[in-house]
file start.txt (compact mmCIF, C-alpha atoms)
# COMPACT_ATOMS: atom_id res chain seq x y z
CA MET Z 2 -13.63 2.59 7.40
CA ASN Z 3 -10.26 2.76 9.10
CA ASP Z 4 -9.58 5.47 11.67
CA ARG Z 5 -6.28 6.70 10.33
CA SER Z 6 -5.91 9.33 13.05
CA ARG Z 7 -4.31 7.07 15.64
CA THR Z 8 -0.55 7.38 15.94
CA ARG Z 9 2.23 5.61 17.76
CA GLY Z 10 5.84 6.64 17.85
CA GLY Z 11 7.09 3.12 17.24
CA PRO Z 12 6.47 2.92 13.48
CA ALA Z 13 8.14 6.32 13.01
CA GLY Z 14 11.47 4.79 13.97
CA ASN Z 15 11.39 2.72 10.78
CA TYR Z 16 12.06 5.87 8.74
CA LEU Z 17 14.84 7.54 10.73
CA ASP Z 18 17.98 5.78 9.50
CA PRO Z 19 20.06 8.72 8.20
CA ALA Z 20 22.21 6.44 6.06
CA SER Z 21 19.22 5.41 3.95
CA VAL Z 22 17.65 8.82 3.30
CA SER Z 23 17.24 9.26 -0.44
CA PRO Z 24 18.02 12.59 -2.15
CA VAL Z 25 14.82 11.99 -4.13
CA LEU Z 26 12.92 13.17 -1.06
CA ASN Z 27 14.45 16.64 -1.46
CA THR Z 28 13.55 16.68 -5.14
CA THR Z 29 9.95 15.78 -4.33
CA LEU Z 30 9.82 18.57 -1.76
CA GLU Z 31 11.06 21.06 -4.33
CA LEU Z 32 8.38 19.97 -6.80
CA ALA Z 33 5.69 20.18 -4.12
CA ALA Z 34 6.79 23.64 -3.03
CA THR Z 35 6.84 24.89 -6.60
CA ALA Z 36 3.40 23.44 -7.33
CA ALA Z 37 1.86 24.95 -4.18
CA GLY Z 38 3.71 28.28 -4.40
CA TYR Z 39 5.72 28.17 -1.16
CA PRO Z 40 9.40 28.96 -0.64
CA VAL Z 41 9.95 26.38 2.12
CA ALA Z 42 8.94 22.70 2.26
CA LEU Z 43 9.84 20.23 5.01
CA LEU Z 44 9.44 16.52 5.60
CA HIS Z 45 9.19 15.76 9.32
CA ILE Z 46 9.09 12.40 11.08
CA LEU Z 47 7.68 12.48 14.62
CA ASP Z 48 8.29 9.75 17.18
CA ASP Z 49 6.96 9.73 20.75
CA GLU Z 50 9.48 12.31 21.95
CA ASN Z 51 10.90 14.33 19.06
CA GLN Z 52 10.40 15.80 15.61
CA HIS Z 53 13.10 14.93 13.07
CA VAL Z 54 13.77 16.86 9.83
CA LEU Z 55 14.28 14.15 7.23
CA ALA Z 56 14.36 16.41 4.16
CA ALA Z 57 14.11 20.13 3.46
CA TYR Z 58 13.75 22.59 0.60
CA GLY Z 59 14.32 26.34 0.86
CA ILE Z 60 16.26 26.32 4.15
CA GLU Z 61 19.87 25.20 4.48
CA GLY Z 62 21.20 23.13 7.37
CA LEU Z 63 17.94 21.82 8.77
CA VAL Z 64 18.19 18.19 7.68
CA GLY Z 65 18.86 16.04 10.74
CA ALA Z 66 17.63 18.68 13.18
CA VAL Z 67 15.73 17.31 16.19
CA THR Z 68 13.12 19.27 18.16
CA ASN Z 69 11.02 18.29 21.15
CA ARG Z 70 7.73 17.04 19.75
CA GLN Z 71 5.58 19.08 22.12
CA SER Z 72 7.05 22.37 20.91
CA THR Z 73 6.18 21.83 17.24
CA THR Z 74 3.23 22.73 15.06
CA CYS Z 75 3.38 19.42 13.21
CA LYS Z 76 2.44 17.42 16.31
CA GLU Z 77 -1.18 18.53 15.78
CA VAL Z 78 -1.16 17.09 12.25
CA VAL Z 79 0.27 13.76 13.41
CA ASP Z 80 -1.92 13.53 16.52
CA THR Z 81 -5.13 14.12 14.56
CA GLY Z 82 -4.15 12.55 11.25
CA ARG Z 83 -5.67 15.57 9.47
CA PRO Z 84 -4.30 18.58 7.56
CA LEU Z 85 -3.68 21.82 9.45
CA VAL Z 86 -3.87 25.29 7.90
CA ILE Z 87 -2.64 28.51 9.54
CA THR Z 88 -3.00 31.41 7.12
CA ASP Z 89 -1.35 33.96 9.42
CA ALA Z 90 0.26 33.03 12.74
CA SER Z 91 0.14 36.67 13.89
CA GLU Z 92 -3.65 36.75 13.98
CA PRO Z 93 -5.16 36.94 17.49
CA GLY Z 94 -7.20 34.10 18.91
CA LEU Z 95 -5.15 31.24 17.49
CA ASP Z 96 -3.84 28.40 19.65
CA PRO Z 97 -0.42 29.65 20.86
CA SER Z 98 0.92 26.11 21.13
CA LEU Z 99 0.54 25.89 17.34
CA THR Z 100 1.58 29.40 16.33
CA ALA Z 101 4.49 29.94 18.76
CA PRO Z 102 6.87 27.57 16.89
CA LEU Z 103 6.13 29.43 13.65
CA VAL Z 104 6.63 32.85 15.16
CA ALA Z 105 9.89 31.73 16.76
CA ALA Z 106 11.14 30.59 13.33
CA GLY Z 107 10.10 33.87 11.70
CA MET Z 108 7.24 32.27 9.78
CA ARG Z 109 3.65 33.48 9.45
CA THR Z 110 1.89 30.85 7.38
CA TYR Z 111 1.72 27.06 7.62
CA VAL Z 112 -0.03 24.23 5.82
CA GLY Z 113 0.77 20.64 6.74
CA VAL Z 114 -0.62 17.24 5.75
CA PRO Z 115 0.04 13.92 7.50
CA LEU Z 116 2.26 11.13 6.22
CA PHE Z 117 1.17 7.57 7.00
CA SER Z 118 3.20 4.40 7.40
CA ARG Z 119 2.33 1.08 5.82
CA GLU Z 120 0.70 0.25 9.16
CA HIS Z 121 -1.51 3.26 8.42
CA THR Z 122 -0.50 5.26 11.44
CA ALA Z 123 0.53 8.90 11.14
CA ILE Z 124 4.33 9.14 11.40
CA GLY Z 125 5.14 12.60 10.05
CA THR Z 126 4.20 15.57 7.91
CA LEU Z 127 4.74 17.29 4.63
CA CYS Z 128 4.47 20.97 5.47
CA MET Z 129 4.95 24.35 3.76
CA THR Z 130 5.80 27.63 5.46
CA ASP Z 131 6.43 31.23 4.46
CA THR Z 132 7.45 34.52 6.09
CA VAL Z 133 4.32 36.18 4.70
CA GLY Z 134 0.66 35.29 5.02
CA HIS Z 135 -1.03 33.08 2.43
CA ASP Z 136 -4.62 32.59 1.40
CA ILE Z 137 -4.68 28.81 1.60
CA GLY Z 138 -7.54 27.16 -0.27
CA PRO Z 139 -8.68 23.54 -0.53
CA GLU Z 140 -6.76 23.19 -3.78
CA ASP Z 141 -3.47 23.90 -1.97
CA VAL Z 142 -4.21 21.18 0.56
CA GLN Z 143 -5.17 18.74 -2.19
CA ILE Z 144 -1.91 19.40 -4.01
CA LEU Z 145 0.06 18.66 -0.86
CA GLN Z 146 -1.93 15.49 -0.20
CA LYS Z 147 -1.02 14.20 -3.65
CA TYR Z 148 2.66 14.89 -3.03
CA ALA Z 149 2.33 13.31 0.42
CA LYS Z 150 1.29 10.06 -1.28
CA VAL Z 151 4.43 10.21 -3.43
CA LEU Z 152 6.57 10.78 -0.34
CA GLU Z 153 4.91 7.86 1.44
CA GLU Z 154 5.83 5.58 -1.46
CA GLN Z 155 9.42 6.83 -1.34
CA LEU Z 156 9.60 6.38 2.43
CA GLU Z 157 8.35 2.81 2.15
CA LEU Z 158 11.00 1.99 -0.45
CA GLN Z 159 13.58 3.57 1.82
CA ARG Z 160 12.29 1.54 4.77
CA ASP Z 161 12.46 -1.72 2.80
CA ARG Z 162 16.09 -1.05 1.89
CA THR Z 163 16.96 -0.82 5.57
CA VAL Z 164 15.35 -4.16 6.43
CA THR Z 165 18.05 -6.82 6.41
CA THR Z 166 17.06 -10.21 5.08
CA ASP Z 167 18.39 -11.87 8.23
CA ALA Z 168 16.10 -9.91 10.58
CA TYR Z 169 14.27 -13.23 10.94
CA SER Z 170 16.06 -16.44 10.04
CA ILE Z 171 14.70 -19.15 7.77
CA GLU Z 172 14.47 -21.42 10.81
CA GLU Z 173 12.34 -18.87 12.68
CA ILE Z 174 10.01 -18.52 9.70
CA VAL Z 175 9.68 -22.29 9.25
CA ASP Z 176 8.92 -22.66 12.96
CA ALA Z 177 6.33 -19.90 12.70
CA MET Z 178 4.65 -21.75 9.82
CA SER Z 179 4.56 -24.96 11.84
CA ARG Z 180 2.94 -23.08 14.74
CA ASP Z 181 0.35 -21.62 12.35
CA GLU Z 182 1.52 -18.05 13.09
CA ILE Z 183 1.72 -17.06 9.41
CA ARG Z 184 -1.84 -16.72 8.23
CA PRO Z 185 -4.03 -14.93 5.69
CA TRP Z 186 -5.71 -11.66 6.53
CA PHE Z 187 -8.43 -10.43 4.22
CA GLN Z 188 -9.21 -7.12 2.54
CA ALA Z 189 -12.45 -6.58 0.66
CA ILE Z 190 -12.52 -5.77 -3.05
CA VAL Z 191 -15.52 -3.57 -3.77
CA ASP Z 192 -17.43 -1.78 -6.49
CA PRO Z 193 -16.53 1.89 -5.82
CA ARG Z 194 -19.90 2.98 -7.22
CA THR Z 195 -22.09 0.85 -4.94
CA ARG Z 196 -19.63 -0.20 -2.18
CA ARG Z 197 -20.80 -3.78 -2.70
CA THR Z 198 -18.16 -6.38 -1.80
CA HIS Z 199 -17.20 -8.56 -4.78
CA GLY Z 200 -14.36 -10.52 -3.23
CA TYR Z 201 -11.38 -10.57 -0.89
CA GLU Z 202 -7.62 -10.56 -1.22
CA ALA Z 203 -5.78 -12.88 1.16
CA LEU Z 204 -2.81 -10.93 2.52
CA CYS Z 205 -0.01 -12.77 4.30
CA ARG Z 206 0.63 -11.77 7.92
CA TRP Z 207 2.91 -13.18 10.63
CA LEU Z 208 1.23 -13.05 14.04
CA HIS Z 209 4.55 -12.86 15.88
CA PRO Z 210 4.27 -13.67 19.59
CA THR Z 211 6.46 -10.72 20.65
CA ASP Z 212 6.79 -8.39 17.63
CA GLY Z 213 3.09 -8.17 16.79
CA VAL Z 214 1.50 -8.41 13.36
CA LEU Z 215 4.26 -8.36 10.73
CA SER Z 216 3.73 -7.41 7.10
CA PRO Z 217 5.33 -9.57 4.36
CA ALA Z 218 8.12 -7.01 3.84
CA ARG Z 219 9.45 -7.93 7.28
CA PHE Z 220 10.08 -11.62 6.58
CA LEU Z 221 9.46 -12.64 2.95
CA PRO Z 222 12.84 -11.34 1.69
CA THR Z 223 14.49 -14.06 3.79
CA VAL Z 224 12.70 -16.90 2.00
CA ARG Z 225 11.84 -15.45 -1.40
CA SER Z 226 14.69 -17.19 -3.23
CA THR Z 227 14.18 -20.53 -1.43
CA ASP Z 228 11.73 -23.41 -1.67
CA ILE Z 229 10.21 -22.17 1.60
CA MET Z 230 8.50 -19.45 -0.44
CA LEU Z 231 6.41 -22.11 -2.17
CA ASP Z 232 5.57 -23.79 1.14
CA LEU Z 233 4.44 -20.45 2.55
CA ASP Z 234 2.35 -19.56 -0.51
CA LEU Z 235 0.65 -22.96 -0.48
CA GLN Z 236 -0.03 -22.84 3.26
CA VAL Z 237 -1.63 -19.41 3.08
CA LEU Z 238 -3.64 -20.45 0.00
CA ARG Z 239 -4.99 -23.57 1.76
CA GLN Z 240 -5.97 -21.57 4.82
CA ALA Z 241 -7.58 -18.80 2.77
CA MET Z 242 -9.72 -21.20 0.74
CA ALA Z 243 -10.83 -23.03 3.88
CA MET Z 244 -11.71 -19.77 5.65
CA MET Z 245 -13.66 -18.51 2.67
CA LEU Z 246 -15.74 -21.70 2.74
CA GLU Z 247 -16.37 -21.25 6.47
CA HIS Z 248 -17.65 -17.73 5.90
CA ASP Z 249 -19.56 -18.47 2.71
CA THR Z 250 -22.96 -16.88 2.29
CA ALA Z 251 -25.68 -17.26 -0.29
CA ASP Z 252 -23.68 -14.98 -2.58
CA GLU Z 253 -21.80 -17.52 -4.64
CA GLN Z 254 -20.10 -14.82 -6.70
CA THR Z 255 -17.69 -13.75 -3.95
CA VAL Z 256 -14.18 -14.46 -5.17
CA LEU Z 257 -10.86 -15.05 -3.44
CA HIS Z 258 -7.64 -13.39 -4.59
CA ALA Z 259 -4.49 -15.20 -3.48
CA ASN Z 260 -0.90 -14.01 -4.04
CA ILE Z 261 1.61 -16.38 -5.63
CA ASP Z 262 5.24 -15.55 -6.31
CA GLY Z 263 5.74 -15.32 -10.07
CA ALA Z 264 8.98 -17.29 -9.81
CA HIS Z 265 6.92 -20.46 -9.30
CA LEU Z 266 5.76 -20.27 -12.91
CA ILE Z 267 9.04 -21.50 -14.37
CA ARG Z 268 9.26 -24.52 -12.05
CA PRO Z 269 7.01 -27.33 -13.40
CA GLN Z 270 7.00 -29.22 -10.08
CA ARG Z 271 5.84 -26.09 -8.25
CA ILE Z 272 2.98 -25.63 -10.68
CA GLU Z 273 1.96 -29.26 -10.16
CA MET Z 274 1.91 -28.73 -6.39
CA LEU Z 275 -0.05 -25.53 -6.79
CA THR Z 276 -2.66 -27.12 -9.06
CA SER Z 277 -2.96 -30.06 -6.64
CA VAL Z 278 -3.66 -27.78 -3.68
CA ILE Z 279 -6.30 -25.91 -5.67
CA SER Z 280 -7.95 -29.06 -7.00
CA GLU Z 281 -8.02 -30.79 -3.60
CA SER Z 282 -9.89 -27.91 -1.99
CA ASP Z 283 -13.69 -27.75 -1.94
CA PHE Z 284 -13.47 -24.05 -2.78
CA PRO Z 285 -14.84 -23.51 -6.31
CA THR Z 286 -11.96 -22.89 -8.68
CA ASP Z 287 -14.05 -20.49 -10.76
CA ARG Z 288 -14.10 -18.19 -7.72
CA LEU Z 289 -10.31 -18.25 -7.29
CA ARG Z 290 -8.06 -15.58 -8.75
CA ILE Z 291 -4.34 -16.11 -8.51
CA GLU Z 292 -2.47 -12.79 -8.26
CA LEU Z 293 1.01 -13.12 -9.72
CA ILE Z 294 3.67 -11.13 -7.93
CA GLU Z 295 6.00 -9.94 -10.67
CA SER Z 296 9.42 -11.51 -11.13
CA ALA Z 297 11.84 -9.92 -13.59
CA THR Z 298 13.68 -13.22 -14.17
CA LEU Z 299 10.74 -15.06 -15.71
CA ASP Z 300 10.91 -16.72 -19.11
CA ASP Z 301 7.69 -15.39 -20.62
CA SER Z 302 6.98 -18.40 -22.85
CA VAL Z 303 7.43 -20.89 -19.98
CA ALA Z 304 5.38 -18.67 -17.67
CA ALA Z 305 2.57 -18.48 -20.23
CA GLN Z 306 2.40 -22.29 -20.39
CA ALA Z 307 2.18 -22.49 -16.58
CA ILE Z 308 -0.61 -19.89 -16.56
CA SER Z 309 -2.52 -21.96 -19.10
CA LYS Z 310 -2.28 -25.01 -16.79
CA LEU Z 311 -3.72 -23.03 -13.89
CA ARG Z 312 -6.53 -21.68 -16.04
CA ALA Z 313 -7.26 -25.22 -17.29
CA ILE Z 314 -8.38 -26.24 -13.78
CA GLY Z 315 -10.68 -23.22 -13.58
CA ALA Z 316 -8.56 -20.65 -11.72
CA GLN Z 317 -8.28 -17.12 -13.05
CA ILE Z 318 -4.94 -15.31 -13.34
CA VAL Z 319 -4.44 -11.65 -12.45
CA ILE Z 320 -1.22 -9.65 -12.79
CA ASP Z 321 -0.52 -7.67 -9.64
CA ASP Z 322 1.00 -4.18 -9.36
CA VAL Z 323 0.57 -3.01 -12.97
CA GLY Z 324 2.21 0.39 -13.19
CA ARG Z 325 5.11 -0.33 -10.84
CA GLY Z 326 7.34 -1.89 -13.52
CA TRP Z 327 7.63 -2.03 -17.30
CA SER Z 328 7.54 -5.80 -17.78
CA SER Z 329 4.02 -6.14 -16.36
CA LEU Z 330 2.70 -3.96 -19.19
CA SER Z 331 4.13 -6.22 -21.89
CA ARG Z 332 2.90 -9.32 -20.05
CA MET Z 333 -0.62 -7.95 -20.18
CA VAL Z 334 -0.36 -8.65 -23.91
CA THR Z 335 1.79 -11.82 -24.04
CA TRP Z 336 0.32 -13.79 -21.11
CA PRO Z 337 -3.12 -15.48 -21.20
CA ILE Z 338 -4.46 -13.55 -18.20
CA ASP Z 339 -7.91 -12.81 -16.85
CA GLY Z 340 -7.21 -9.39 -15.39
CA PHE Z 341 -4.82 -7.03 -13.66
CA LYS Z 342 -4.54 -4.73 -10.67
CA ILE Z 343 -3.47 -1.09 -10.97
CA ASP Z 344 -0.72 -0.35 -8.45
CA ALA Z 345 -1.08 2.25 -5.71
CA SER Z 346 1.83 4.20 -7.17
CA LEU Z 347 -0.54 5.10 -10.03
CA THR Z 348 -3.81 5.45 -8.13
CA SER Z 349 -2.15 7.88 -5.71
CA GLY Z 350 -2.25 10.37 -8.59
CA LEU Z 351 -5.97 10.00 -9.29
CA GLY Z 352 -7.53 13.36 -10.07
CA THR Z 353 -4.58 14.60 -12.12
CA ARG Z 354 -4.91 14.88 -15.87
CA VAL Z 355 -1.95 12.61 -16.69
CA VAL Z 356 -2.90 9.78 -14.32
CA ASP Z 357 -6.60 9.93 -15.15
CA HIS Z 358 -5.79 9.72 -18.86
CA LEU Z 359 -3.52 6.71 -18.31
CA LEU Z 360 -6.05 4.91 -16.11
CA THR Z 361 -8.79 5.59 -18.63
CA GLY Z 362 -6.74 3.70 -21.20
CA LEU Z 363 -6.17 0.75 -18.86
CA ILE Z 364 -9.84 0.55 -17.86
CA GLU Z 365 -10.96 0.74 -21.49
CA HIS Z 366 -8.42 -1.97 -22.39
CA ALA Z 367 -9.86 -4.23 -19.68
CA ASP Z 368 -13.42 -3.59 -20.79
CA ALA Z 369 -12.65 -4.22 -24.46
CA ASN Z 370 -10.87 -7.51 -23.69
CA ASP Z 371 -13.22 -8.80 -20.97
CA LEU Z 372 -10.56 -8.51 -18.26
CA VAL Z 373 -10.95 -7.89 -14.55
CA VAL Z 374 -9.43 -4.55 -13.48
CA ILE Z 375 -8.96 -3.50 -9.85
CA ALA Z 376 -7.55 -0.22 -8.57
CA GLU Z 377 -5.39 -0.71 -5.47
CA GLY Z 378 -4.41 1.65 -2.67
CA ILE Z 379 -7.64 3.66 -2.50
CA GLU Z 380 -7.60 5.73 0.67
CA THR Z 381 -9.55 8.95 0.15
CA PRO Z 382 -13.07 9.99 -0.95
CA GLU Z 383 -11.47 12.03 -3.73
CA GLN Z 384 -9.88 8.89 -5.19
CA VAL Z 385 -13.23 7.10 -5.04
CA ARG Z 386 -14.95 9.94 -6.90
CA SER Z 387 -12.27 9.82 -9.59
CA LEU Z 388 -12.68 6.05 -9.99
CA VAL Z 389 -16.43 6.42 -10.34
CA ALA Z 390 -15.95 9.12 -12.98
CA LEU Z 391 -13.50 6.83 -14.83
CA GLN Z 392 -15.99 3.94 -14.56
CA CYS Z 393 -13.50 1.67 -12.82
CA PRO Z 394 -15.52 -1.40 -11.78
CA LEU Z 395 -13.50 -2.64 -8.77
CA ALA Z 396 -11.21 -1.19 -6.12
CA GLN Z 397 -9.62 -1.95 -2.78
CA GLY Z 398 -7.80 0.00 -0.11
CA TYR Z 399 -7.95 1.29 3.42
CA HIS Z 400 -10.74 3.71 2.52
CA PHE Z 401 -13.02 0.71 2.19
CA GLN Z 402 -11.54 -1.72 4.69
CA VAL Z 403 -8.49 -2.38 6.86
CA PRO Z 404 -7.17 -5.98 6.42
CA GLN Z 405 -9.04 -8.28 8.78
CA PRO Z 406 -8.22 -11.72 10.22
CA ASP Z 407 -11.28 -13.15 8.42
CA PRO Z 408 -13.32 -12.32 5.30
CA ARG Z 409 -16.08 -9.88 6.09
CA PRO Z 410 -17.95 -7.34 3.93
CA ALA Z 411 -16.52 -3.82 3.75
call {"tool": "encode", "arguments": {"input": "start.txt", "output": "C-alpha cells"}}
result
Amino acid sequence: MNDRSRTRGGPAGNYLDPASVSPVLNTTLELAATAAGYPVALLHILDDENQHVLAAYGIEGLVGAVTNRQSTTCKEVVDTGRPLVITDASEPGLDPSLTAPLVAAGMRTYVGVPLFSREHTAIGTLCMTDTVGHDIGPEDVQILQKYAKVLEEQLELQRDRTVTTDAYSIEEIVDAMSRDEIRPWFQAIVDPRTRRTHGYEALCRWLHPTDGVLSPARFLPTVRSTDIMLDLDLQVLRQAMAMMLEHDTADEQTVLHANIDGAHLIRPQRIEMLTSVISESDFPTDRLRIELIESATLDDSVAAQAISKLRAIGAQIVIDDVGRGWSSLSRMVTWPIDGFKIDASLTSGLGTRVVDHLLTGLIEHADANDLVVIAEGIETPEQVRSLVALQCPLAQGYHFQVPQPDPRPA
C-alpha cells in the first residue's frame, strides 16, 4: 500500500496559478462548511516555503494571502498526510506550534484534512475553523474527506487547463519514443473482497531524463489529434503485452488492460494496425482488454463496427471513465462491449446514499448482462468497505497499489 504521507513542495506549484483558479472551489467550500457545521472553510496549498490561500468561505480578503509555512497549523496535516483535529486551542498541554496560529487569528477550533496531487503527495488542506470550541467526531472528519476528494478533482482539472500543449513538442515526444523513454507502468486490478489480483492496467509514463516520471496529462495533449497518438498507443501496447508474458505465472487468468484512444475507432486503417499488433503478439487475446478512452466526436455506428472487429480476434472491449461524461452511458447500451470502469469522480462519493444507489444500479446492470465492472480511484479503507457491501467484483486504486514499472501482485 502506498505511503501517501510523503510530501514535496514541487508538485504544489502546479496548483498556484492565480489566473486559473475556478470559482467552483469557493462553492465547494461553502457546501463543505454547511455540511460540517462550520462558519469558515479554507483551501490551502503549501509549497516548501509558504502556505497559500487558494479559496475561502466565511472570511473576506484572504484569497491570495501567503504565510510562512512553519507558522501554520496546516503544515502538520501536509507533513503527515493525515487529518488533524483541535477541538479547543485554548486547552493546556497542546502543541503551541499548532495552536498559536489559531489563537493569533482569533480561532479556537480546527479540523483539517490533506489534499493530494495526482502524484499522490500531500500538497494542501481543506480545513474548517471557528471562534468557539467544537466537539469534532469521526463523522465530521469523514464529511471533510469526501469534500476533499471533490476538491482534488477540481484542482486536477484546473491544473490540466494550465498545461500548454506545447510544453513538450511533437519532436521531443517522437524522440522520447525512439529512445524507449515512454513505457507502460502497471497497476493491479483486484477483488476488493479478497485482495486477489485479477489483472493489470498498463498506464503510459514518460521516463524523462531531466523532468522525472511524467503522467500522460503532461504530454499526450500535444499528440492527441495527430497520427503520433496511434504510434504511441501501439508502442505501449506492444511493450505491455511483452512484459506481461515475461512476468507470467501459472495463473493464466491474469488479464491486461491497455488504453486506446477512442478516436482510432473511426479510422479503418488504424483498426487494422491495432488488430495486427494484437494478433502478432504471443499474448493470449482472450486475456486482453482494450480500454477505450472516450472521444465525443465518434460516430457511434462506425465505432461499433470497429469494436466488433477487435472482439472478433478475441480481445475484450471496456469503456473507461463511466460517470465522467454523458455519452459513455449511452454507449454502454449501443456498443458491443464487454465491460466498463466506474470513474473516480463517482467512487470518491462512496458511502453516500446517492452515490451508493447509483453504483448499485451500475453493478447490477453489469451482473445482469455478464459485463466486467471495475471501480477506479479507490484510496481509502472506507471506500473498500462500501465496495464490498455493494458487491462490486473488481477495483483498482492507490489503496491497493501504486503504479509500478512492471506487473506485480498488489
call {"tool": "atom_distance", "arguments": {"input": "start.txt", "atom1": "CA of Tyr39 (chain Z)", "atom2": "CA of Leu127 (chain Z)"}}
result
12.4 Å
call {"tool": "atom_distance", "arguments": {"input": "start.txt", "atom1": "CA of Phe117 (chain Z)", "atom2": "CA of Gly82 (chain Z)"}}
result
8.4 Å
call {"tool": "closest_residue", "arguments": {"input": "start.txt", "among": "Z:Arg271, Z:Arg219, Z:Arg290, Z:His265", "to": "Ala168 (chain Z)", "atoms": "all atoms listed in the file"}}
result
Z:Arg219
call {"tool": "closest_residue", "arguments": {"input": "start.txt", "among": "Z:Val256, Z:Leu395, Z:Ala13, Z:Cys205", "to": "Leu235 (chain Z)", "atoms": "only C-alpha atoms"}}
result
Z:Cys205
call {"tool": "atom_distance", "arguments": {"input": "start.txt", "atom1": "CA of Ile124 (chain Z)", "atom2": "CA of Gln155 (chain Z)"}}
result
13.9 Å
call {"tool": "residues_around", "arguments": {"input": "start.txt", "residues": "region 98-103 of chain Z", "least_positions_apart": "5", "cutoff": "9 Å", "atoms": "only C-alpha atoms", "output": "PyMOL selection string"}}
result
chain Z and resi 71-77+87+89-91+108-111+130
call {"tool": "closest_residue", "arguments": {"input": "start.txt", "among": "Z:Ile190, Z:Ile144, Z:Val303, Z:Leu231", "to": "Pro404 (chain Z)", "atoms": "only C-alpha atoms"}}
result
Z:Ile190
call {"tool": "residues_around", "arguments": {"input": "start.txt", "residues": "region 41-53 of chain Z", "least_positions_apart": "2", "cutoff": "9 Å", "atoms": "only C-alpha atoms", "output": "PyMOL selection string"}}
result
chain Z and resi 9-14+16-17+26-27+30-31+33-34+39+55-60+64-71+73+75-76+79+116+123-131+152
call {"tool": "axis_aligned_box", "arguments": {"input": "start.txt", "around": "region 364-382 of chain Z", "padding_each_side": "4 Å", "output": "lines of an AutoDock Vina configuration file"}}
result
center_x = -8.9
center_y = 0.6
center_z = -11.9
size_x = 17.0
size_y = 26.8
size_z = 33.1
call {"tool": "closest_residue", "arguments": {"input": "start.txt", "among": "Z:Val104, Z:Val151, Z:Ile308, Z:Met274", "to": "Asp339 (chain Z)", "atoms": "all atoms listed in the file"}}
result
Z:Ile308
call {"tool": "closest_residue", "arguments": {"input": "start.txt", "among": "Z:Thr211, Z:Thr198, Z:Ser387, Z:Thr255", "to": "Asp357 (chain Z)", "atoms": "all atoms listed in the file"}}
result
Z:Ser387
call {"tool": "residues_near_point", "arguments": {"input": "start.txt", "point": "(-9.7, -22.2, -9.8)", "cutoff": "9 Å", "atoms": "all atoms listed in the file", "output": "compact mmCIF listing (two decimals) with C-alpha atoms, in the frame of the given file"}}
result
# COMPACT_ATOMS: atom_id res chain seq x y z
CA THR Z 276 -2.66 -27.12 -9.06
CA ILE Z 279 -6.30 -25.91 -5.67
CA SER Z 280 -7.95 -29.06 -7.00
CA PHE Z 284 -13.47 -24.05 -2.78
CA PRO Z 285 -14.84 -23.51 -6.31
CA THR Z 286 -11.96 -22.89 -8.68
CA ASP Z 287 -14.05 -20.49 -10.76
CA ARG Z 288 -14.10 -18.19 -7.72
CA LEU Z 289 -10.31 -18.25 -7.29
CA ARG Z 290 -8.06 -15.58 -8.75
CA ILE Z 291 -4.34 -16.11 -8.51
CA LEU Z 311 -3.72 -23.03 -13.89
CA ARG Z 312 -6.53 -21.68 -16.04
CA ALA Z 313 -7.26 -25.22 -17.29
CA ILE Z 314 -8.38 -26.24 -13.78
CA GLY Z 315 -10.68 -23.22 -13.58
CA ALA Z 316 -8.56 -20.65 -11.72
CA GLN Z 317 -8.28 -17.12 -13.05
call {"tool": "closest_residue", "arguments": {"input": "start.txt", "among": "Z:Pro97, Z:Pro222, Z:Pro84, Z:Gly362", "to": "Tyr169 (chain Z)", "atoms": "only C-alpha atoms"}}
result
Z:Pro222
call {"tool": "residues_around", "arguments": {"input": "start.txt", "residues": "Asp322 (chain Z)", "least_positions_apart": "6", "cutoff": "9 Å", "atoms": "all atoms listed in the file", "output": "list in words"}}
result
Leu293, Ile294, Glu295, Ser329, Phe341, Lys342, Ile343, Asp344, Ala345, Ser346 and Glu377 of chain Z
call {"tool": "residues_around", "arguments": {"input": "start.txt", "residues": "Val191 (chain Z)", "least_positions_apart": "5", "cutoff": "9 Å", "atoms": "all atoms listed in the file", "output": "list in words"}}
result
Arg196, Arg197, Thr198, His199, Gly200, Tyr201, Ile375, Pro394, Leu395, Ala396, Gln397, Phe401, Pro410 and Ala411 of chain Z
call {"tool": "residues_around", "arguments": {"input": "start.txt", "residues": "Val334 (chain Z)", "least_positions_apart": "5", "cutoff": "12 Å", "atoms": "all atoms listed in the file", "output": "VMD selection string"}}
result
chain Z and resid 301 305 320 328 to 329 339 to 341 366 to 367 370 372
call {"tool": "residues_near_point", "arguments": {"input": "start.txt", "point": "(-4.3, -5.3, 12.1)", "cutoff": "10 Å", "atoms": "only C-alpha atoms", "output": "PyMOL selection string"}}
result
chain Z and resi 120-121+186+206+208+213-216+403-406
call {"tool": "decode", "arguments": {"input": "start.txt", "residues": "region 123-128 of chain Z", "atoms": "N, CA, C and O atoms", "output": "PDB file, in the first residue's frame"}}
result
ATOM      1  N   ALA Z 123       0.997  14.944  -0.621  1.00  0.00           N
ATOM      2  CA  ALA Z 123       0.158  15.945   0.029  1.00  0.00           C
ATOM      3  C   ALA Z 123       0.608  17.334  -0.401  1.00  0.00           C
ATOM      4  O   ALA Z 123       1.782  17.681  -0.285  1.00  0.00           O
ATOM      5  N   ILE Z 124      -0.328  18.135  -0.905  1.00  0.00           N
ATOM      6  CA  ILE Z 124       0.025  19.478  -1.406  1.00  0.00           C
ATOM      7  C   ILE Z 124      -0.785  20.583  -0.732  1.00  0.00           C
ATOM      8  O   ILE Z 124      -0.566  21.764  -0.997  1.00  0.00           O
ATOM      9  N   GLY Z 125      -1.723  20.231   0.135  1.00  0.00           N
ATOM     10  CA  GLY Z 125      -2.522  21.272   0.763  1.00  0.00           C
ATOM     11  C   GLY Z 125      -3.545  20.700   1.722  1.00  0.00           C
ATOM     12  O   GLY Z 125      -3.500  19.520   2.079  1.00  0.00           O
ATOM     13  N   THR Z 126      -4.488  21.553   2.122  1.00  0.00           N
ATOM     14  CA  THR Z 126      -5.502  21.136   3.086  1.00  0.00           C
ATOM     15  C   THR Z 126      -6.860  21.734   2.764  1.00  0.00           C
ATOM     16  O   THR Z 126      -6.966  22.806   2.167  1.00  0.00           O
ATOM     17  N   LEU Z 127      -7.876  21.024   3.173  1.00  0.00           N
ATOM     18  CA  LEU Z 127      -9.213  21.568   3.358  1.00  0.00           C
ATOM     19  C   LEU Z 127      -9.396  21.649   4.861  1.00  0.00           C
ATOM     20  O   LEU Z 127      -9.312  20.629   5.553  1.00  0.00           O
ATOM     21  N   CYS Z 128      -9.601  22.858   5.380  1.00  0.00           N
ATOM     22  CA  CYS Z 128      -9.721  22.985   6.832  1.00  0.00           C
ATOM     23  C   CYS Z 128     -10.918  23.858   7.203  1.00  0.00           C
ATOM     24  O   CYS Z 128     -11.355  24.707   6.427  1.00  0.00           O
TER      25      CYS Z 128
END
